[in-house]
Amino acid sequence: MVTETSQYFVFFCRSVCSAILAKCLIINVLRLIIVILFFIAFLNITYTARHTWATTAYYCEIHPGIISEAMGHSSITVPETYLKPFRNKKIDEANVTILSSLMRSYVCGK
């Protein structure tokens with residue numbers, strides 16, 4: 001009878017220890033997931049802030065070479081890749097300004 005009781009006790013201890021170990025592993029995995037999510041969020045925030053600064057500087061007509069140097073890029077072509085769409089927008093704005101100026105002079109000239 002003693003041997004049977006000790007066998008059941010050993011089995012019970014093993015299952016409890018396994019459950020505790022599994023719980024600890026799950027908690028550690030959840031902590032790791034949370035840390036990874038916070039790290040990704042931090043990278044996204046800094047990435048967005050850098051590009052916002054570069055775009056704002058570009059709209060303030062700061063030379064792309066200065067923007068590139070300020071951001072620590074090795075070449076001027078790096079910021080130009082993501083500032084290119086904004087360059088087209090500035091060209092469109094310039095065209096609108098010129099066309100509205102021509103329209104005013106045409107209307108006032110008559």
# chains A, B, ... in the order shown; residues from 1 in each chain; ligands from 1
>>> residues_around(residues="region 84-95 of chain A", least_positions_apart="4", cutoff="9 Å", atoms="only C-alpha atoms", output="PyMOL selection string")
chain A and resi 55+58-59+79-80+99-100
>>> residues_around(residues="region 62-71 of chain A", least_positions_apart="5", cutoff="12 Å", atoms="only C-alpha atoms", output="tab-separated table (two decimals) with N, CA, C and O atoms, in the first residue's frame")
chain	number	residue	atom	x	y	z
A	46	THR	N	9.52	56.23	-34.38
A	46	THR	CA	10.73	56.95	-34.78
A	46	THR	C	10.84	57.06	-36.29
A	46	THR	O	11.27	58.09	-36.81
A	47	TYR	N	10.43	56.03	-37.01
A	47	TYR	CA	10.45	56.05	-38.47
A	47	TYR	C	9.53	57.15	-38.98
A	47	TYR	O	9.90	57.95	-39.85
A	49	ALA	N	8.43	59.78	-37.34
A	49	ALA	CA	8.94	61.10	-36.94
A	49	ALA	C	10.06	61.56	-37.87
A	49	ALA	O	10.09	62.72	-38.28
A	50	ARG	N	10.96	60.66	-38.22
A	50	ARG	CA	12.06	61.02	-39.12
A	50	ARG	C	11.53	61.44	-40.50
A	50	ARG	O	11.96	62.44	-41.06
A	51	HIS	N	10.60	60.67	-41.03
A	51	HIS	CA	10.08	60.99	-42.35
A	51	HIS	C	9.23	62.25	-42.33
A	51	HIS	O	9.23	63.01	-43.30
A	52	THR	N	8.52	62.49	-41.24
A	52	THR	CA	7.75	63.72	-41.11
A	52	THR	C	8.69	64.91	-41.09
A	52	THR	O	8.44	65.93	-41.74
A	53	TRP	N	9.80	64.79	-40.34
A	53	TRP	CA	10.77	65.87	-40.29
A	53	TRP	C	11.35	66.13	-41.68
A	53	TRP	O	11.46	67.29	-42.12
A	54	ALA	N	11.73	65.06	-42.38
A	54	ALA	CA	12.32	65.23	-43.71
A	54	ALA	C	11.33	65.85	-44.69
A	54	ALA	O	11.70	66.74	-45.47
A	55	THR	N	10.08	65.42	-44.63
A	55	THR	CA	9.07	65.97	-45.53
A	55	THR	C	8.81	67.45	-45.21
A	55	THR	O	8.70	68.28	-46.12
A	56	THR	N	8.73	67.77	-43.94
A	56	THR	CA	8.52	69.16	-43.53
A	56	THR	C	9.69	70.03	-43.97
A	56	THR	O	9.51	71.14	-44.48
A	57	ALA	N	10.90	69.52	-43.79
A	57	ALA	CA	12.09	70.26	-44.22
A	57	ALA	C	12.07	70.46	-45.73
A	57	ALA	O	12.41	71.53	-46.23
A	76	ILE	N	22.79	61.38	-51.03
A	76	ILE	CA	21.63	62.26	-51.22
A	76	ILE	C	20.48	61.51	-51.88
A	76	ILE	O	19.32	61.92	-51.78
A	77	THR	N	20.78	60.40	-52.53
A	77	THR	CA	19.73	59.65	-53.23
A	77	THR	C	18.78	58.93	-52.26
A	77	THR	O	17.66	58.61	-52.65
A	78	VAL	N	19.22	58.69	-51.03
A	78	VAL	CA	18.36	57.97	-50.07
A	78	VAL	C	17.11	58.77	-49.74
A	78	VAL	O	16.00	58.25	-49.89
A	79	PRO	N	17.21	60.03	-49.29
A	79	PRO	CA	15.95	60.74	-49.00
A	79	PRO	C	15.16	61.10	-50.26
A	79	PRO	O	13.95	61.27	-50.19
A	80	GLU	N	15.83	61.18	-51.39
A	80	GLU	CA	15.11	61.51	-52.62
A	80	GLU	C	14.12	60.41	-53.00
A	80	GLU	O	13.12	60.69	-53.64
A	81	THR	N	14.38	59.18	-52.57
A	81	THR	CA	13.46	58.09	-52.92
A	81	THR	C	12.10	58.28	-52.27
A	81	THR	O	11.08	57.98	-52.88
A	82	TYR	N	12.06	58.78	-51.03
A	82	TYR	CA	10.76	58.97	-50.41
A	82	TYR	C	10.29	60.41	-50.48
A	82	TYR	O	9.16	60.70	-50.09
A	83	LEU	N	11.11	61.33	-50.97
A	83	LEU	CA	10.65	62.70	-51.18
A	83	LEU	C	10.17	62.92	-52.61
A	83	LEU	O	9.60	63.96	-52.91
A	84	LYS	N	10.41	61.95	-53.50
A	84	LYS	CA	10.04	62.10	-54.91
A	84	LYS	C	8.54	62.36	-55.09
A	84	LYS	O	8.16	63.25	-55.85
A	87	ARG	N	7.87	65.90	-54.42
A	87	ARG	CA	8.40	66.78	-55.45
A	87	ARG	C	7.36	66.99	-56.52
A	87	ARG	O	7.15	68.11	-57.00
>>> atom_distance(atom1="CA of Cys24 (chain A)", atom2="CA of Ile40 (chain A)")
24.3 Å
